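This report concerns only the one structure given below.
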Protein chains: 4
Amino acid sequence: MEKGRLEAFSDGVFAIAITLLVLELAVPGAESGENLAKLLGARWPSYFAYVVSFAIIGIMWVNHHALIHNIARVDRPLLFFNLLLLFFVAVLPFPTALLAEHLRSEGSHVAAAIYSGNMLGCAIGFQSLWRWIVHDQRLLHAHIDHRAARAGQGRFAIGLIVYAVTVGLAFVNAVATLAVHGAIAIYYVFDQLTVKERAES
Amino acid sequence: MEKGRLEAFSDGVFAIAITLLVLELAVPGAESGENLAKLLGARWPSYFAYVVSFAIIGIMWVNHHALIHNIARVDRPLLFFNLLLLFFVAVLPFPTALLAEHLRSEGSHVAAAIYSGNMLGCAIGFQSLWRWIVHDQRLLHAHIDHRAARAGQGRFAIGLIVYAVTVGLAFVNAVATLAVHGAIAIYYVFDQLTVKERAES
Amino acid sequence: MEKGRLEAFSDGVFAIAITLLVLELAVPGAESGENLAKLLGARWPSYFAYVVSFAIIGIMWVNHHALIHNIARVDRPLLFFNLLLLFFVAVLPFPTALLAEHLRSEGSHVAAAIYSGNMLGCAIGFQSLWRWIVHDQRLLHAHIDHRAARAGQGRFAIGLIVYAVTVGLAFVNAVATLAVHGAIAIYYVFDQLTVKERAES
Amino acid sequence: MEKGRLEAFSDGVFAIAITLLVLELAVPGAESGENLAKLLGARWPSYFAYVVSFAIIGIMWVNHHALIHNIARVDRPLLFFNLLLLFFVAVLPFPTALLAEHLRSEGSHVAAAIYSGNMLGCAIGFQSLWRWIVHDQRLLHAHIDHRAARAGQGRFAIGLIVYAVTVGLAFVNAVATLAVHGAIAIYYVFDQLTVKERAES
C-alpha cells in the first residue's frame with residue numbers, strides 16, 4: 001500500500017511534468033500580419049526541444065516503472081531518493097524552455113550545459129535509487145536475482161559518464177547536444193531496457 | 001499491477017491536458033474601460049476551440065478506457081505506443097491556442113491544418129495501440145473475440161481517412177474545420193463506441 | 001475497475017483545477033518600488049475569489065466522492081454526464097480570474113454573472129449525474145434505498161434555483177454575489193452533506 | 001476505498017503543486033544580448049526559493065503519507081481538515097514566487113512574512129488533521145498505540161511555535177528566513193520522522 005502511494009505520487013509528477021512542457025510553446029500573435037507558417041518555422045528550436053524532453057520524460061517514466069516493479073517494500077530513505085529523482089524530472093520544463101529560447105543565440109552553450117546538467121541529475125537520481133534498492137535484499141521481491149540486479153548497476157553508471165560528456169559537448173555545439181540527448185533517449189528505449197528485462201528474468 | 005500504472009499515468013496526462021486548456025483562455029484587462037461583454041464576445045474563437053478540444057480529449061479518454069479494458073497484460077512496446085498517443089494528447093493545448101488566436105486572421109488555414117494534423121496524430125496513436133494489442137492474443141483478455149477485435153480496426157481506419165480530409169478542409173475554411181472536429185467528437189460518442197461495445201460482447 | 005478509472009480521472013481533474021487556481025494570483029513586480037503590503041492589499045479581489053473557488057472545488061470533490069460511493073457499476077452515459085460536470089469544474093479558474101480582475105470595475109456585473117453561470121453549470125452537471133444514477137437500479141449498490149436516493153434529488157434541485165438566483169444577483173452587486181457563493185459552499189459543508197448521508201443509510 | 005480517494009486527491013494536489021513551482025522560473029529572453037550565465041546568476045533568489053519550496057512540499061508529502069497510514073477509516077470532518085492542509089500546500093507557489101521576486105528589494109520582509117505565514121498555515125493544517133485523527137480511536141488502525149500517538153502531537157506543536165518565530169524573523173532578514181525554512185525541512189527529514197516511526201511501532 002505504501003508502494004501504491006509512491007507510485008501514485010511519482011506517476012503524478014511524471015505526468016504533470018510531461019504535460020506542462022506544452023506551456024512553453026508560445027503562440028505567435030495574429031497582429032504581426034506575418035505569414036504564420038514562417039513564424040512557426042522560425043521557432044523550430046522550441047519544437048525540437050519539446051519533442052526531445054517529452055521523449056526523455058516518457059522513457060524515464062517507463063524506466064521508473066521497471067525499477068519500482070522490483071521493489072517489495074518501501075522505506076523512508078527510498079522515498080527521499082525518489083524525491084531527488086523527481087526534483088530533476090519536475091524541473092526539466094525550465095532547461096527545455098531555456099535551451100529553446102537560446103539555441104540560436106550566444107547563450108546556447110550555457111543553456112545546453114544546464115540542460116545536460118539536468119539530465120546528469122536525473123541519472124544521479126536513478127543511480128541513487130537503484131543503489132539504495134539493491135543494497136538491502138529486504139526491499140527487493142524474492143524472485144529478483146540480487147547479483148543480476150547489481151550487474152545492471154554497471155550499465156546505469158555508463159549513463160552517468162555519457163551525460164557528463166554531454167555537459168562538455170554543450171560548449172562545442174548546442175544543437176548537437178540536444179540531438180545527442182534525443183539519440184540517448186532512443187538508445188534507452190531499445191537497448192538498456194531489454195538488458196534490464198534480462199536481468200529481471 | 002503494471003496495467004494499473006499505465007492507466008494511472010495515462011489518466012494523469014489526459015486529466016492534465018484537459019484541465020490545462022483553461023490556461024489558454026486569456027482574461028481581458030479591466031483598464032481598457034471597454035464593455036466586458038463585448039470584449040468577451042469578440043473572443044468567441046477561444047471558447048469555441050476550448051469546447052471542441054475539451055470534448056475531444058474527454059472522448060479520447062473514454063475510448064482509451066474502453067481500449068485498455070480489453071487488455072490483460074502490458075508489454076514494453078505497448079507502453080511506447082501509448083506514449084505516442086499521449087504525445088498528441090498532451091500537445092493539444094498548443095494547436096488549440098494557435099487556432100483560437102488565428103481563426104479570424106490570414107493564418108487561419110495553417111493553424112487549422114496543424115490542429116487537424118494533431119488529430120490525425122491522435123488517430124495514428126490509437127491505431128498503432130490497437131494494432132499492437134490485437135496482433136498478440138496473449139495481451140487480450142480471454143473473453144475477447146479476436147476476430148471481432150480485428151474487425152473493429154477497420155472502423156478505426158476510417159478515422160484516419162476522415163482526419164486526413166480535415167487537413168485538406170483546413171485550407172478551404174478554418175471555422176468549418178473546427179466545426180467538423182466538434183461533429184466528429186459527437187459522432188464518436190454515439191456511434192463508434194456502441195460498435196466497439198458490440199465487438200466486445 | 002472501470003469505476004476506479006472514473007474516480008482516478010475525476011480526482012485528477014478536481015486536483016488540477018483546484019491547484020491551477022494559484023497561477024491566476026499575479027506577483028507584483030519589484031521594480032515599481034511601491035510598498036509591497038499596499039500592492040498586495042489592493043489585490044484583495046484575487047485572494048477573495050481564490051479562497052471561494054478553492055472552497056467550492058474542494059466541496060464539490062467531497063460531494064462527487066459521496067455520489068460515486070453509491071455506484072456499483074459504470075455505464076457509458078454516466079461517463080459522459082461525469083464529463084459534463086468536469087467541464088464546469090475544469091473551466092472554473094477562468095471565471096475566477098475574470099471576476100478577480102473586474103470585481104471593482106464596470107465589468108463586475110458581467111464577470112459575476114459568468115461566475116454564477118459556471119456554478120449553475122456545475123449544479124446541472126451534478127443533477128444530471130444524480131438523475132442518471134438513480135434512474136437505473138442496476139447502477140446503484142444493493143444497500144442503497146432507491147426511494148431515499150430519489151428524495152435527495154429534490155434537495156439538489158434547490159441548488160439549481162439558488163444558483164439561478166445568483167446569476168440575477170450578479171447584476172445587482174458582484175461582491176455580494178461572490179460572498180453568497182462562499183456562503184453556499186459553507187452551507188453545503190454542514191447541511192446538504194448530512195442529508196445525503198441520511199439518505200444513504 | 002474512501003481512504004483510497006482521499007490519498008489519490010491529496011497525492012494529486014501535492015504532485016501538481018510541487019511540479020507547478022517550475023512555472024515561476026522565468027526564462028531570460030535571448031534578445032538582451034547579455035551573458036546568459038550572468039543573467040541566470042542574478043536570479044539566484046528564484047532558484048533558492050524553488051529548491052526550498054520543492055523540499056518542503058516533498059517532505060510534507062512524506063509526512064502526509066505517514067499520517068494517513070495510521071488511519072483505518074475516513075469520516076467527513078477529516079476530509080475537510082485535509083482540504084485545509086491542501087489549501088496551504090496548493091497556494092505555496094504564490095508566496096514562493098513572491099519571495100523570489102522581492103528577496104533583494106524593500107518588500108523582502110513582507111514577502112518573507114507571507115511565506116512564513118503560509119508555512120504556519122501548513123503546520124496548523126497538519127495539527128488539525130492529527131488532532132482529529134487521534135481524538136477518535138475508531139479512525140485509527142487497531143495496532144496504533146493511542147497514547148503514543150497523542151504524545152506525537154506535542155512535537156507537532158513545536159512546529160507551530162517554530163513557524164510563528166519565522167514570521168517574526170522575516171522582519172529581521174528575509175534571506176535568513178528562507179534559509180531557516182530550508183533547515184527546518186532538513187530537520188523534519190532526519191528527526192521528526194523517526195520519532196513518528198517510533199510512535200507508530
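We label chains A, B, ... in the order they appear in the C-alpha cells, count residues from 1 in each chain, and number ligands from 1 in the order shown.
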Checklist entry - Can you list, as a ChimeraX atom specification, every protein, DNA or RNA residue that comes within 10 Å of Leu99 in chain C when you count only C-alpha atoms, leaving out same-chain residues fewer than 4 positions away? => result /B:27 /C:45-46,49,93-95,103-105,107-115,174-175,178
Write the residues you've just listed into a file as a PDB file, in the first residue's frame, and include C-alpha atoms for each of them.
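result_33.pdb, written as the output of this step:
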```pdb
ATOM      1  CA  VAL B  27      -8.727  37.367 -19.222  1.00  0.00           C
TER       2      VAL B  27
ATOM      3  CA  PRO C  45     -10.393  40.573  -5.006  1.00  0.00           C
ATOM      4  CA  SER C  46      -7.906  37.995  -6.305  1.00  0.00           C
ATOM      5  CA  ALA C  49     -12.061  34.873  -5.424  1.00  0.00           C
ATOM      6  CA  PRO C  93     -10.144  29.066 -12.991  1.00  0.00           C
ATOM      7  CA  PHE C  94     -11.243  31.266 -15.932  1.00  0.00           C
ATOM      8  CA  PRO C  95     -14.343  32.920 -14.370  1.00  0.00           C
ATOM      9  CA  LEU C 103     -14.620  42.958  -9.342  1.00  0.00           C
ATOM     10  CA  ARG C 104     -14.094  46.688  -8.851  1.00  0.00           C
ATOM     11  CA  SER C 105     -14.631  47.889 -12.415  1.00  0.00           C
ATOM     12  CA  GLY C 107     -17.484  44.844 -15.904  1.00  0.00           C
ATOM     13  CA  SER C 108     -18.113  43.394 -12.430  1.00  0.00           C
ATOM     14  CA  HIS C 109     -21.735  42.514 -13.203  1.00  0.00           C
ATOM     15  CA  VAL C 110     -20.942  40.592 -16.363  1.00  0.00           C
ATOM     16  CA  ALA C 111     -17.991  38.825 -14.677  1.00  0.00           C
ATOM     17  CA  ALA C 112     -20.088  37.851 -11.639  1.00  0.00           C
ATOM     18  CA  ALA C 113     -22.904  36.612 -13.880  1.00  0.00           C
ATOM     19  CA  ILE C 114     -20.448  34.396 -15.762  1.00  0.00           C
ATOM     20  CA  TYR C 115     -19.063  33.105 -12.444  1.00  0.00           C
ATOM     21  CA  ALA C 174     -20.774  41.498  -7.759  1.00  0.00           C
ATOM     22  CA  VAL C 175     -19.016  41.457  -4.353  1.00  0.00           C
ATOM     23  CA  LEU C 178     -19.073  36.230  -4.579  1.00  0.00           C
TER      24      LEU C 178
END
```
Item to check | Ala97 in chain B surroundings by only C-alpha atoms, 12 Å radius, close-in-sequence under 5 positions cut, as a ChimeraX atom specification | outcome: /A:22-23,25-30 /B:20-26,43,45-53,91-92,102-103,108,111-112,114-115
For the residues selected in the previous step, produce a file with N, CA and C atoms as a short mmCIF file (atom, residue, chain, number, x, y, z; two decimals), in the first residue's frame.
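Output file part.cif follows:
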```
data_model
loop_
_atom_site.label_atom_id
_atom_site.label_comp_id
_atom_site.auth_asym_id
_atom_site.auth_seq_id
_atom_site.Cartn_x
_atom_site.Cartn_y
_atom_site.Cartn_z
N VAL A 22 4.11 21.69 -22.66
CA VAL A 22 3.38 22.36 -23.73
C VAL A 22 3.20 23.85 -23.45
N LEU A 23 3.21 24.22 -22.17
CA LEU A 23 3.01 25.64 -21.83
C LEU A 23 4.17 26.50 -22.30
N LEU A 25 5.48 26.28 -25.26
CA LEU A 25 5.34 26.53 -26.69
C LEU A 25 4.52 27.79 -26.89
N ALA A 26 5.17 28.91 -27.16
CA ALA A 26 4.46 30.18 -27.29
C ALA A 26 3.70 30.25 -28.60
N VAL A 27 2.52 30.87 -28.56
CA VAL A 27 1.69 31.05 -29.75
C VAL A 27 1.99 32.42 -30.33
N PRO A 28 2.46 32.49 -31.61
CA PRO A 28 2.73 33.82 -32.19
C PRO A 28 1.42 34.59 -32.36
N GLY A 29 1.43 35.88 -32.04
CA GLY A 29 0.22 36.71 -32.12
C GLY A 29 -0.23 36.92 -33.55
N ALA A 30 -1.55 37.14 -33.71
CA ALA A 30 -2.12 37.32 -35.05
C ALA A 30 -1.86 38.72 -35.59
N LEU B 20 -5.46 21.88 -18.44
CA LEU B 20 -4.55 22.97 -18.85
C LEU B 20 -5.15 23.85 -19.94
N LEU B 21 -6.09 23.29 -20.72
CA LEU B 21 -6.72 24.07 -21.79
C LEU B 21 -7.20 25.42 -21.28
N VAL B 22 -7.65 25.45 -20.01
CA VAL B 22 -8.23 26.68 -19.45
C VAL B 22 -7.19 27.81 -19.38
N LEU B 23 -5.92 27.46 -19.27
CA LEU B 23 -4.88 28.49 -19.16
C LEU B 23 -4.76 29.31 -20.45
N GLU B 24 -5.28 28.77 -21.56
CA GLU B 24 -5.19 29.50 -22.83
C GLU B 24 -6.32 30.53 -22.97
N LEU B 25 -7.29 30.49 -22.05
CA LEU B 25 -8.38 31.48 -22.10
C LEU B 25 -7.90 32.75 -21.41
N ALA B 26 -7.51 33.75 -22.19
CA ALA B 26 -6.98 34.98 -21.61
C ALA B 26 -8.09 35.83 -21.01
N ARG B 43 -14.01 37.33 -28.40
CA ARG B 43 -13.08 36.20 -28.25
C ARG B 43 -13.75 34.86 -28.44
N PRO B 45 -13.72 32.74 -30.75
CA PRO B 45 -12.92 31.59 -31.24
C PRO B 45 -12.23 30.83 -30.11
N SER B 46 -11.82 31.55 -29.05
CA SER B 46 -11.17 30.88 -27.92
C SER B 46 -12.13 29.90 -27.24
N TYR B 47 -13.37 30.34 -27.04
CA TYR B 47 -14.33 29.49 -26.33
C TYR B 47 -14.74 28.31 -27.21
N PHE B 48 -14.91 28.59 -28.50
CA PHE B 48 -15.27 27.55 -29.46
C PHE B 48 -14.18 26.47 -29.48
N ALA B 49 -12.93 26.90 -29.63
CA ALA B 49 -11.81 25.95 -29.69
C ALA B 49 -11.68 25.21 -28.35
N TYR B 50 -11.91 25.93 -27.24
CA TYR B 50 -11.83 25.30 -25.91
C TYR B 50 -12.83 24.16 -25.80
N VAL B 51 -14.09 24.44 -26.17
CA VAL B 51 -15.15 23.44 -26.02
C VAL B 51 -14.87 22.23 -26.91
N VAL B 52 -14.46 22.47 -28.16
CA VAL B 52 -14.18 21.35 -29.06
C VAL B 52 -13.02 20.50 -28.54
N SER B 53 -11.94 21.15 -28.10
CA SER B 53 -10.78 20.39 -27.61
C SER B 53 -11.10 19.65 -26.32
N VAL B 91 0.02 17.57 -26.33
CA VAL B 91 0.40 18.76 -27.10
C VAL B 91 -0.84 19.53 -27.57
N LEU B 92 -2.03 18.94 -27.44
CA LEU B 92 -3.25 19.54 -28.00
C LEU B 92 -3.52 20.98 -27.54
N HIS B 102 -5.67 32.56 -34.31
CA HIS B 102 -5.60 32.89 -35.74
C HIS B 102 -6.87 32.58 -36.52
N LEU B 103 -7.96 32.20 -35.82
CA LEU B 103 -9.15 31.72 -36.53
C LEU B 103 -9.73 32.78 -37.47
N SER B 108 -5.32 31.49 -40.51
CA SER B 108 -6.32 30.51 -40.06
C SER B 108 -6.13 29.15 -40.74
N ALA B 111 -3.14 27.32 -39.19
CA ALA B 111 -3.47 26.92 -37.82
C ALA B 111 -4.44 25.75 -37.81
N ALA B 112 -5.47 25.80 -38.67
CA ALA B 112 -6.46 24.71 -38.73
C ALA B 112 -5.83 23.43 -39.25
N ILE B 114 -2.72 22.54 -38.79
CA ILE B 114 -1.93 21.98 -37.68
C ILE B 114 -2.85 21.30 -36.67
N TYR B 115 -3.98 21.95 -36.39
CA TYR B 115 -4.96 21.36 -35.47
C TYR B 115 -5.44 20.00 -36.00
#
```
Next on the checklist: I need the helix (DSSP H, G or I) residues of chain D per DSSP on the backbone, written as a ChimeraX atom specification.
Outcome noted: /D:2-24,36-41,44-69,76-90,93-102,108-134,137-139,146-170,174-200
Using only C-alpha atoms, find which residues of chain C lie within 10 Å of chain D and jot them down as a CSV table (one decimal) with C-alpha atoms, in the first residue's frame.
```csv
chain,number,residue,atom,x,y,z
C,4,GLY,CA,-11.6,3.0,-10.5
C,7,GLU,CA,-12.5,8.1,-9.9
C,8,ALA,CA,-8.9,8.5,-10.9
C,10,SER,CA,-12.2,12.8,-11.9
C,11,ASP,CA,-9.8,13.1,-8.9
C,12,GLY,CA,-7.1,14.2,-11.4
C,13,VAL,CA,-9.3,17.0,-12.9
C,14,PHE,CA,-10.5,18.2,-9.5
C,15,ALA,CA,-6.9,18.2,-8.1
C,16,ILE,CA,-5.5,20.0,-11.1
C,17,ALA,CA,-8.3,22.6,-11.3
C,18,ILE,CA,-8.0,23.4,-7.6
C,19,THR,CA,-4.2,23.7,-7.8
C,20,LEU,CA,-4.2,25.7,-11.1
C,21,LEU,CA,-6.2,28.5,-9.4
C,22,VAL,CA,-2.9,29.6,-7.9
C,23,LEU,CA,-1.5,30.5,-11.3
C,24,GLU,CA,-4.1,33.4,-11.5
C,25,LEU,CA,-2.5,35.1,-8.4
C,26,ALA,CA,-0.2,37.6,-10.1
C,27,VAL,CA,3.0,38.6,-8.3
C,28,PRO,CA,3.6,42.4,-8.3
C,29,GLY,CA,6.9,43.3,-9.7
C,30,ALA,CA,9.7,44.6,-7.5
C,31,GLU,CA,10.7,47.5,-9.9
C,33,GLY,CA,9.3,50.5,-5.7
C,34,GLU,CA,5.9,50.8,-4.1
C,35,ASN,CA,5.1,49.3,-0.7
C,36,LEU,CA,4.5,45.6,-1.2
C,37,ALA,CA,1.9,45.2,1.6
C,40,LEU,CA,-0.9,43.1,-2.3
C,50,TYR,CA,-9.2,32.3,-4.9
C,51,VAL,CA,-10.5,31.3,-1.5
C,54,PHE,CA,-10.9,26.7,-3.8
C,55,ALA,CA,-13.6,26.0,-1.2
C,58,GLY,CA,-12.9,21.2,-2.6
C,59,ILE,CA,-16.5,20.7,-1.5
C,61,TRP,CA,-14.9,17.0,-4.8
C,62,VAL,CA,-16.3,15.7,-1.4
C,65,HIS,CA,-16.8,11.3,-3.7
C,66,ALA,CA,-20.1,10.8,-1.8
C,69,HIS,CA,-19.6,6.0,-3.5
C,189,VAL,CA,-20.4,21.5,4.0
C,190,PHE,CA,-22.8,21.5,7.0
C,193,LEU,CA,-24.0,16.5,3.1
C,194,THR,CA,-25.6,15.3,6.3
```
Checklist entry - Any idea what the distance is between CA of Tyr187 in chain D and CA of Cys122 in chain D? => result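 Here the two named atoms are 16.2 Å from each other.
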Checklist entry - In Å to one decimal, how far is CA of Trp44 in chain C from CA of Gln127 in chain D? => result 27.5 Å
Checklist entry - Quick one: distance from CA of Ala72 in chain A to CA of Asp136 in chain A in Å, one decimal? => result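 So the two atoms, CA of Ala72 in chain A and CA of Asp136 in chain A, lie 11.2 Å apart.
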Item to check | Given only C-alpha atoms as the counted atoms, nearest of C:Leu169, C:Leu120, C:Met60, C:Ile68 to Leu139 in chain C | outcome: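 That would be C:Ile68, the residue with the smallest distance to Leu139 in chain C.
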